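Trainee: Please see the structure below; I have some questions.
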Amino acid sequence: MTDPILLTPGPLTTSAQTKSAMLLDWGSWDGAFIELTASVCRDLIAIVHAQDEHVCVPLQGSGTFAVEAALGTLVPKGGKVLVADNGSYCKRIVRILGYLGRAAVVLPHAEQDPADPARIDAALAADPQITHVAQVHCETGTGILNPLPQIAAVAAKHGRGLIVDAMSSYAAVPIDARTMRFDALIAASGKCLEGVPGMGFVIARRAALERSSGNSCSLAMDLVDQWQYLQKTGQWRFTPPTHVLAALRSAIDQYQAQGGLPARLARYTENCAALISGMRALGFETFLPDALQAPIIVTFHAPPDPKYDFTEFYRRVRDRGFILYPGKLTAVDTFRVGCIGAIGADTLRRAVAAVAATLNDMGIRRVGRE
Ligand SMILES: Cc1ncc(COP(=O)(O)O)c(C=O)c1O
């Protein structure tokens with residue numbers, strides 16, 4: 001059986017080289033594994049030019065574990081966090097803050113609107129108790145790109161900490177710590193670096209981390225403890241995801257050999273353009289206008305035809321070799337297609353052909369909402 005192509009925001013399709021990097025077993029105490037961890041952390045920091053003021057703290061688990069660890073470690077118990085909410089991953093941050101017992105101020109936005117720096121500015125001016133801004137960069141629930149540089153400038157102007165969920169943008173959309181101030185930037189192994197899932201990481205401002213001792217209510221999620229142990233021993237505190245890290249090392253080597261961030265962004269932009277133009281030719285409509293669309297994942301309106309049913313549509317496209325992703329919007333019926341992973345525009349064109357054949361099979365005639 002050939003692997004299906006994953007058109008999802010992670011796990012995603014990985015290269016044969018990345019998969020084969022997992023064929024070796026590593027001893028977690030061994031010098032070679034210690035060097036593997038150190039080299040990956042060095043490269044993760046360099047991708048966002050954060051060598052001067054930041055450190056990298058890796059953490060076992062999926063991306064959400066790292067988001068929760070960053071919020072729980074960096075926001076003190078009496079802290080208050082502003083969240084501009086334009087989608088499901090923003091809402092997840094608000095839920096996490098609730099579990100952590102940290103106060104949240106939510107600025108509701110429509111899901112088709114980018115987070116508004118002027119509203120964030122006004123909210124920070126109005127409430128000096130707000131200690132941090134938590135911002136999702138690419139809101140993967142819709143695929144919208146939020147204006148991170150402008151939001152970072154507003155947070156810096158007010159002297160508040162900025163915690164960025166860059167899960168689906170890191171390594172593909174430029175983020176530069178030399179021109180943008182942040183206390184923490186969170187991402188994971190299995191996204192735009194095209195590693196396998198299983199490890200998150202936080203690029204944290206050293207000074208902010210040093211101030212955060214004692215904030216975390218959880219031992220496993222305490223980034224200060226993880227970082228201090230790593231500094232002292234070169235090792236992870238608890239069983240590390242050895243094979244995930246080895247795959248990530250290989251994925252970063254390939255990323256660098258392919259031309260780093262500009263090349264990754266160019267490939268994903270091409271993938272996204274091929275997907276959108278092909279789907280529009282079939283009559284599909286995108287949820288977002290092109291100007292707000294990040295080249296990561298695209299939300300399409302579901303066809304209004306009574307014969308459309310996502311489960312059946314999904315199954316038939318899957319039988320043709322492509323895995324789609326359900327929509328995450330509450331008000332409108334949608335589905336999503338990812339542009340990221342070890343795939344090129346040709347793969348997206350084949351996926352569009354599979355969608356066309358599926359529409360035909362299911363007898364779906366009305367694709368656009370006109
Ligand atoms: C913006 C964003 N934040 C957080 C997450 C959560 O990551 P995970 O599903 O790995 O926990 C995702 C996953 O796609 C994401 O896109």
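We name chains A, B, ... following the order of the structure tokens; residues begin at 1 in each chain, and ligands are numbered from 1 as shown.
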Would you tabulate, counting only C-alpha atoms and all ligand atoms, all residues of chain A that have an atom at most 8 Å from an atom of ligand 1, showing the closest pair of atoms and their distance in Å to one decimal, sorted by chain then ascending number, as JSON lines?
Mentor:
{"residue": "A:Pro9", "atom": "CA", "partner": "ligand 1", "partner_atom_place_in_ligand_line": "14 (O)", "distance": 5.4}
{"residue": "A:Gly10", "atom": "CA", "partner": "ligand 1", "partner_atom_place_in_ligand_line": "14 (O)", "distance": 6.0}
{"residue": "A:Gly61", "atom": "CA", "partner": "ligand 1", "partner_atom_place_in_ligand_line": "11 (O)", "distance": 7.7}
{"residue": "A:Ser62", "atom": "CA", "partner": "ligand 1", "partner_atom_place_in_ligand_line": "10 (O)", "distance": 4.0}
{"residue": "A:Gly63", "atom": "CA", "partner": "ligand 1", "partner_atom_place_in_ligand_line": "10 (O)", "distance": 3.6}
{"residue": "A:Thr64", "atom": "CA", "partner": "ligand 1", "partner_atom_place_in_ligand_line": "11 (O)", "distance": 3.6}
{"residue": "A:Phe65", "atom": "CA", "partner": "ligand 1", "partner_atom_place_in_ligand_line": "11 (O)", "distance": 6.3}
{"residue": "A:Val67", "atom": "CA", "partner": "ligand 1", "partner_atom_place_in_ligand_line": "4 (C)", "distance": 7.1}
{"residue": "A:Tyr89", "atom": "CA", "partner": "ligand 1", "partner_atom_place_in_ligand_line": "3 (N)", "distance": 5.2}
{"residue": "A:Cys90", "atom": "CA", "partner": "ligand 1", "partner_atom_place_in_ligand_line": "1 (C)", "distance": 7.9}
{"residue": "A:Arg92", "atom": "CA", "partner": "ligand 1", "partner_atom_place_in_ligand_line": "4 (C)", "distance": 7.9}
{"residue": "A:Val136", "atom": "CA", "partner": "ligand 1", "partner_atom_place_in_ligand_line": "1 (C)", "distance": 5.9}
{"residue": "A:His137", "atom": "CA", "partner": "ligand 1", "partner_atom_place_in_ligand_line": "1 (C)", "distance": 6.9}
{"residue": "A:Cys138", "atom": "CA", "partner": "ligand 1", "partner_atom_place_in_ligand_line": "1 (C)", "distance": 5.9}
{"residue": "A:Glu139", "atom": "CA", "partner": "ligand 1", "partner_atom_place_in_ligand_line": "1 (C)", "distance": 5.2}
{"residue": "A:Thr140", "atom": "CA", "partner": "ligand 1", "partner_atom_place_in_ligand_line": "16 (O)", "distance": 4.6}
{"residue": "A:Gly141", "atom": "CA", "partner": "ligand 1", "partner_atom_place_in_ligand_line": "16 (O)", "distance": 7.1}
{"residue": "A:Asp165", "atom": "CA", "partner": "ligand 1", "partner_atom_place_in_ligand_line": "3 (N)", "distance": 5.8}
{"residue": "A:Ala166", "atom": "CA", "partner": "ligand 1", "partner_atom_place_in_ligand_line": "1 (C)", "distance": 6.1}
{"residue": "A:Met167", "atom": "CA", "partner": "ligand 1", "partner_atom_place_in_ligand_line": "2 (C)", "distance": 4.7}
{"residue": "A:Ser168", "atom": "CA", "partner": "ligand 1", "partner_atom_place_in_ligand_line": "16 (O)", "distance": 4.8}
{"residue": "A:Ser169", "atom": "CA", "partner": "ligand 1", "partner_atom_place_in_ligand_line": "1 (C)", "distance": 7.8}
{"residue": "A:Ala187", "atom": "CA", "partner": "ligand 1", "partner_atom_place_in_ligand_line": "3 (N)", "distance": 7.9}
{"residue": "A:Ala188", "atom": "CA", "partner": "ligand 1", "partner_atom_place_in_ligand_line": "10 (O)", "distance": 6.9}
{"residue": "A:Gly190", "atom": "CA", "partner": "ligand 1", "partner_atom_place_in_ligand_line": "10 (O)", "distance": 7.7}
{"residue": "A:Lys191", "atom": "CA", "partner": "ligand 1", "partner_atom_place_in_ligand_line": "14 (O)", "distance": 7.7}
{"residue": "A:Pro197", "atom": "CA", "partner": "ligand 1", "partner_atom_place_in_ligand_line": "10 (O)", "distance": 7.1}
{"residue": "A:Gly198", "atom": "CA", "partner": "ligand 1", "partner_atom_place_in_ligand_line": "10 (O)", "distance": 7.8}
{"residue": "A:Gly200", "atom": "CA", "partner": "ligand 1", "partner_atom_place_in_ligand_line": "10 (O)", "distance": 7.8}
Trainee: Tell me, counting only C-alpha atoms, for each residue of region 185-289 of chain A within 8 Å of region 27-45 of chain A, which pair of atoms is nearest and how far apart they are in Å to one decimal, in rows ordered by chain and increasing number, as CSV.
Mentor:
residue,atom,partner,partner_atom,distance
A:Ile203,CA,A:Ile45,CA,6.6
A:Gly234,CA,A:Ile34,CA,5.5
A:Gln235,CA,A:Ile34,CA,6.0
A:Thr239,CA,A:Ser28,CA,7.4
A:Pro240,CA,A:Ser28,CA,6.9
A:Thr242,CA,A:Ser28,CA,7.1
A:Leu245,CA,A:Thr37,CA,7.3
A:Ala246,CA,A:Leu36,CA,7.4
A:Leu248,CA,A:Val40,CA,7.6
A:Arg249,CA,A:Val40,CA,6.1
A:Ile252,CA,A:Asp43,CA,7.8
Trainee: Please identify all polymer residues within 7 Å of Ile163 (chain A), counting only C-alpha atoms, omitting same-chain residues fewer than 5 positions from it, and present them as an mmCIF file with N, CA and C atoms, in the first residue's frame.
Mentor:
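around.cif, written as the output of this step:
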data_model
loop_
_atom_site.group_PDB
_atom_site.id
_atom_site.type_symbol
_atom_site.label_atom_id
_atom_site.label_comp_id
_atom_site.auth_asym_id
_atom_site.auth_seq_id
_atom_site.Cartn_x
_atom_site.Cartn_y
_atom_site.Cartn_z
ATOM 1 N N VAL A 133 0.341 39.526 26.090
ATOM 2 C CA VAL A 133 -0.517 39.316 24.924
ATOM 3 C C VAL A 133 -0.176 37.916 24.404
ATOM 4 N N ALA A 134 -1.200 37.081 24.199
ATOM 5 C CA ALA A 134 -0.970 35.773 23.567
ATOM 6 C C ALA A 134 -1.561 35.842 22.166
ATOM 7 N N GLN A 135 -0.731 35.574 21.170
ATOM 8 C CA GLN A 135 -1.170 35.768 19.791
ATOM 9 C C GLN A 135 -0.885 34.542 18.926
ATOM 10 N N PHE A 182 9.571 39.375 21.419
ATOM 11 C CA PHE A 182 8.639 38.396 22.002
ATOM 12 C C PHE A 182 9.300 37.695 23.178
ATOM 13 N N ASP A 183 8.474 37.275 24.150
ATOM 14 C CA ASP A 183 8.972 36.515 25.301
ATOM 15 C C ASP A 183 9.017 35.036 24.985
ATOM 16 N N ALA A 184 8.089 34.589 24.144
ATOM 17 C CA ALA A 184 8.067 33.163 23.802
ATOM 18 C C ALA A 184 7.433 32.970 22.431
ATOM 19 N N LEU A 185 8.013 32.054 21.694
ATOM 20 C CA LEU A 185 7.481 31.686 20.378
ATOM 21 C C LEU A 185 7.402 30.164 20.389
#
Trainee: Can you tell me how far CA of Arg349 (chain A) sits from CA of Thr269 (chain A), in Å to one decimal?
Mentor: 13.7 Å
Trainee: To one decimal in Å, tell me the separation between CA of Val352 (chain A) and CA of Tyr268 (chain A).
Mentor: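 Computing the Euclidean distance for CA of Val352 (chain A) and CA of Tyr268 (chain A) yields 15.9 Å.
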Trainee: Nearest to Arg178 (chain A) among A:Leu261, A:Ile47, A:Ala266, A:Val332, with distances taken over only C-alpha atoms: which residue is it?
Mentor: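 Using only C-alpha atoms, Arg178 (chain A) sits closest to A:Ile47.
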Trainee: Would you list the contacts of Leu288 (chain A) as a PDB file with C-alpha atoms, in the first residue's frame, taking every protein, DNA or RNA residue within 9 Å and counting only C-alpha atoms, but skipping same-chain residues closer than 3 positions in sequence?
Mentor:
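Listed below is the output, out-v1.pdb:
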ATOM      1  CA  GLN A 112     -12.554  36.191   8.501  1.00  0.00           C
ATOM      2  CA  ASP A 113     -10.918  39.260  10.104  1.00  0.00           C
ATOM      3  CA  THR A 142      -9.241  29.204   8.956  1.00  0.00           C
ATOM      4  CA  GLY A 143      -5.766  29.722   7.438  1.00  0.00           C
ATOM      5  CA  ILE A 144      -5.662  33.463   8.152  1.00  0.00           C
ATOM      6  CA  GLU A 285     -14.998  29.266  -3.087  1.00  0.00           C
ATOM      7  CA  ALA A 291      -4.856  38.940   0.680  1.00  0.00           C
ATOM      8  CA  LEU A 292      -5.470  37.388   4.119  1.00  0.00           C
ATOM      9  CA  GLN A 293      -4.649  33.798   3.181  1.00  0.00           C
ATOM     10  CA  VAL A 298      -7.001  26.793   2.829  1.00  0.00           C
ATOM     11  CA  THR A 299     -10.618  26.742   4.009  1.00  0.00           C
ATOM     12  CA  PHE A 300     -13.178  26.073   1.270  1.00  0.00           C
TER      13      PHE A 300
END
Trainee: Do a neighbour search on Ile276 (chain A) at 8 Å with only C-alpha atoms, toss out local chain neighbours closer than 4 positions, and write the hits as a ChimeraX atom specification.
Mentor: /A:272,280,286,298
Trainee: Could you give me, as a list in words, each residue of region 258-344 of chain A that DSSP assigns to strand (DSSP E) when run on this structure's backbone?
Mentor: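 Filtering region 258-344 of chain A down to strand (DSSP E) leaves Ile297, Val298, Thr299, Phe300, His301, Phe322, Ile323, Tyr325, Pro326, Thr334, Phe335, Arg336, Val337 and Gly338 of chain A.
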Trainee: I need the chosen residues saved as a short mmCIF file (atom, residue, chain, number, x, y, z; two decimals), in the first residue's frame, with C-alpha atoms.
Mentor:
data_model
loop_
_atom_site.label_atom_id
_atom_site.label_comp_id
_atom_site.auth_asym_id
_atom_site.auth_seq_id
_atom_site.Cartn_x
_atom_site.Cartn_y
_atom_site.Cartn_z
CA ILE A 297 -3.97 25.70 4.85
CA VAL A 298 -7.00 26.79 2.83
CA THR A 299 -10.62 26.74 4.01
CA PHE A 300 -13.18 26.07 1.27
CA HIS A 301 -16.93 26.46 1.51
CA PHE A 322 -5.37 12.22 -0.51
CA ILE A 323 -6.36 12.99 3.08
CA TYR A 325 -9.23 17.94 6.75
CA PRO A 326 -12.65 18.84 8.17
CA THR A 334 -16.42 24.20 5.24
CA PHE A 335 -13.50 21.82 4.76
CA ARG A 336 -9.78 22.50 4.74
CA VAL A 337 -6.87 21.47 2.55
CA GLY A 338 -3.28 21.85 3.73
#
Trainee: Set the distance at 12 Å and use only C-alpha atoms: which residues neighbour Ile151 (chain A) once local chain neighbours fewer than 4 positions away are removed? I'd like the list as an mmCIF file with N, CA and C atoms, in the first residue's frame.
Mentor:
data_model
loop_
_atom_site.group_PDB
_atom_site.id
_atom_site.type_symbol
_atom_site.label_atom_id
_atom_site.label_comp_id
_atom_site.auth_asym_id
_atom_site.auth_seq_id
_atom_site.Cartn_x
_atom_site.Cartn_y
_atom_site.Cartn_z
ATOM 1 N N LEU A 82 -4.111 39.024 27.340
ATOM 2 C CA LEU A 82 -5.018 39.504 26.289
ATOM 3 C C LEU A 82 -4.943 38.552 25.096
ATOM 4 N N VAL A 83 -6.115 38.099 24.649
ATOM 5 C CA VAL A 83 -6.164 37.191 23.498
ATOM 6 C C VAL A 83 -7.109 37.783 22.453
ATOM 7 N N ALA A 84 -6.555 38.172 21.315
ATOM 8 C CA ALA A 84 -7.395 38.588 20.189
ATOM 9 C C ALA A 84 -7.856 37.298 19.516
ATOM 10 N N PRO A 114 -8.507 39.594 10.334
ATOM 11 C CA PRO A 114 -7.241 39.438 11.060
ATOM 12 C C PRO A 114 -7.292 40.146 12.406
ATOM 13 N N ALA A 115 -6.494 39.693 13.356
ATOM 14 C CA ALA A 115 -6.416 40.358 14.658
ATOM 15 C C ALA A 115 -6.021 41.813 14.422
ATOM 16 N N ASP A 116 -6.703 42.724 15.124
ATOM 17 C CA ASP A 116 -6.570 44.147 14.829
ATOM 18 C C ASP A 116 -5.596 44.808 15.827
ATOM 19 N N PRO A 117 -4.405 45.233 15.360
ATOM 20 C CA PRO A 117 -3.427 45.845 16.273
ATOM 21 C C PRO A 117 -3.976 47.093 16.978
ATOM 22 N N ALA A 118 -4.864 47.840 16.306
ATOM 23 C CA ALA A 118 -5.413 49.058 16.928
ATOM 24 C C ALA A 118 -6.301 48.693 18.128
ATOM 25 N N ARG A 119 -7.063 47.607 17.995
ATOM 26 C CA ARG A 119 -7.904 47.175 19.128
ATOM 27 C C ARG A 119 -7.036 46.630 20.262
ATOM 28 N N ILE A 120 -5.963 45.950 19.900
ATOM 29 C CA ILE A 120 -5.045 45.436 20.936
ATOM 30 C C ILE A 120 -4.393 46.611 21.668
ATOM 31 N N ASP A 121 -3.999 47.603 20.899
ATOM 32 C CA ASP A 121 -3.399 48.821 21.458
ATOM 33 C C ASP A 121 -4.365 49.459 22.467
ATOM 34 N N ALA A 122 -5.621 49.617 22.058
ATOM 35 C CA ALA A 122 -6.614 50.271 22.924
ATOM 36 C C ALA A 122 -6.865 49.429 24.179
ATOM 37 N N LEU A 124 -4.810 47.366 25.674
ATOM 38 C CA LEU A 124 -3.651 47.443 26.577
ATOM 39 C C LEU A 124 -3.613 48.805 27.280
ATOM 40 N N HIS A 132 0.410 40.178 29.641
ATOM 41 C CA HIS A 132 0.885 39.518 28.416
ATOM 42 C C HIS A 132 -0.160 39.587 27.307
ATOM 43 N N VAL A 133 0.341 39.526 26.090
ATOM 44 C CA VAL A 133 -0.517 39.316 24.924
ATOM 45 C C VAL A 133 -0.176 37.916 24.404
ATOM 46 N N ALA A 134 -1.200 37.081 24.199
ATOM 47 C CA ALA A 134 -0.970 35.773 23.567
ATOM 48 C C ALA A 134 -1.561 35.842 22.166
ATOM 49 N N GLN A 135 -0.731 35.574 21.170
ATOM 50 C CA GLN A 135 -1.170 35.768 19.791
ATOM 51 C C GLN A 135 -0.885 34.542 18.926
ATOM 52 N N VAL A 136 -1.921 34.077 18.237
ATOM 53 C CA VAL A 136 -1.709 33.025 17.231
ATOM 54 C C VAL A 136 -1.254 33.711 15.950
ATOM 55 N N HIS A 137 -0.190 33.224 15.340
ATOM 56 C CA HIS A 137 0.341 33.864 14.121
ATOM 57 C C HIS A 137 -0.520 33.469 12.922
ATOM 58 N N ASN A 146 -2.275 36.435 10.878
ATOM 59 C CA ASN A 146 -2.433 37.624 11.703
ATOM 60 C C ASN A 146 -1.184 38.508 11.609
ATOM 61 N N PRO A 147 -1.363 39.841 11.735
ATOM 62 C CA PRO A 147 -0.239 40.774 11.519
ATOM 63 C C PRO A 147 0.702 40.821 12.717
ATOM 64 N N ALA A 155 2.592 45.474 21.629
ATOM 65 C CA ALA A 155 2.911 44.879 22.945
ATOM 66 C C ALA A 155 4.181 45.508 23.507
ATOM 67 N N ALA A 156 5.186 45.710 22.649
ATOM 68 C CA ALA A 156 6.461 46.299 23.101
ATOM 69 C C ALA A 156 6.247 47.741 23.558
ATOM 70 N N LYS A 157 5.433 48.482 22.814
ATOM 71 C CA LYS A 157 5.159 49.893 23.164
ATOM 72 C C LYS A 157 4.579 50.002 24.576
ATOM 73 N N HIS A 158 3.726 49.039 24.933
ATOM 74 C CA HIS A 158 3.090 49.070 26.255
ATOM 75 C C HIS A 158 3.907 48.307 27.307
ATOM 76 N N ARG A 160 4.424 45.088 27.561
ATOM 77 C CA ARG A 160 3.807 43.819 27.981
ATOM 78 C C ARG A 160 4.531 42.660 27.274
ATOM 79 N N GLY A 161 4.474 41.497 27.900
ATOM 80 C CA GLY A 161 5.101 40.314 27.302
ATOM 81 C C GLY A 161 4.281 39.816 26.121
ATOM 82 N N LEU A 162 4.944 39.199 25.154
ATOM 83 C CA LEU A 162 4.224 38.627 24.006
ATOM 84 C C LEU A 162 4.551 37.139 23.907
ATOM 85 N N ILE A 163 3.496 36.331 23.857
ATOM 86 C CA ILE A 163 3.644 34.882 23.713
ATOM 87 C C ILE A 163 2.976 34.504 22.392
ATOM 88 N N VAL A 164 3.762 33.949 21.467
ATOM 89 C CA VAL A 164 3.262 33.713 20.110
ATOM 90 C C VAL A 164 3.100 32.220 19.850
ATOM 91 N N MET A 180 11.546 42.053 16.092
ATOM 92 C CA MET A 180 10.233 41.819 16.703
ATOM 93 C C MET A 180 10.470 41.286 18.116
ATOM 94 N N ARG A 181 9.899 41.976 19.113
ATOM 95 C CA ARG A 181 10.164 41.552 20.489
ATOM 96 C C ARG A 181 9.117 40.529 20.936
ATOM 97 N N PHE A 182 9.571 39.375 21.419
ATOM 98 C CA PHE A 182 8.639 38.396 22.002
ATOM 99 C C PHE A 182 9.300 37.695 23.178
#
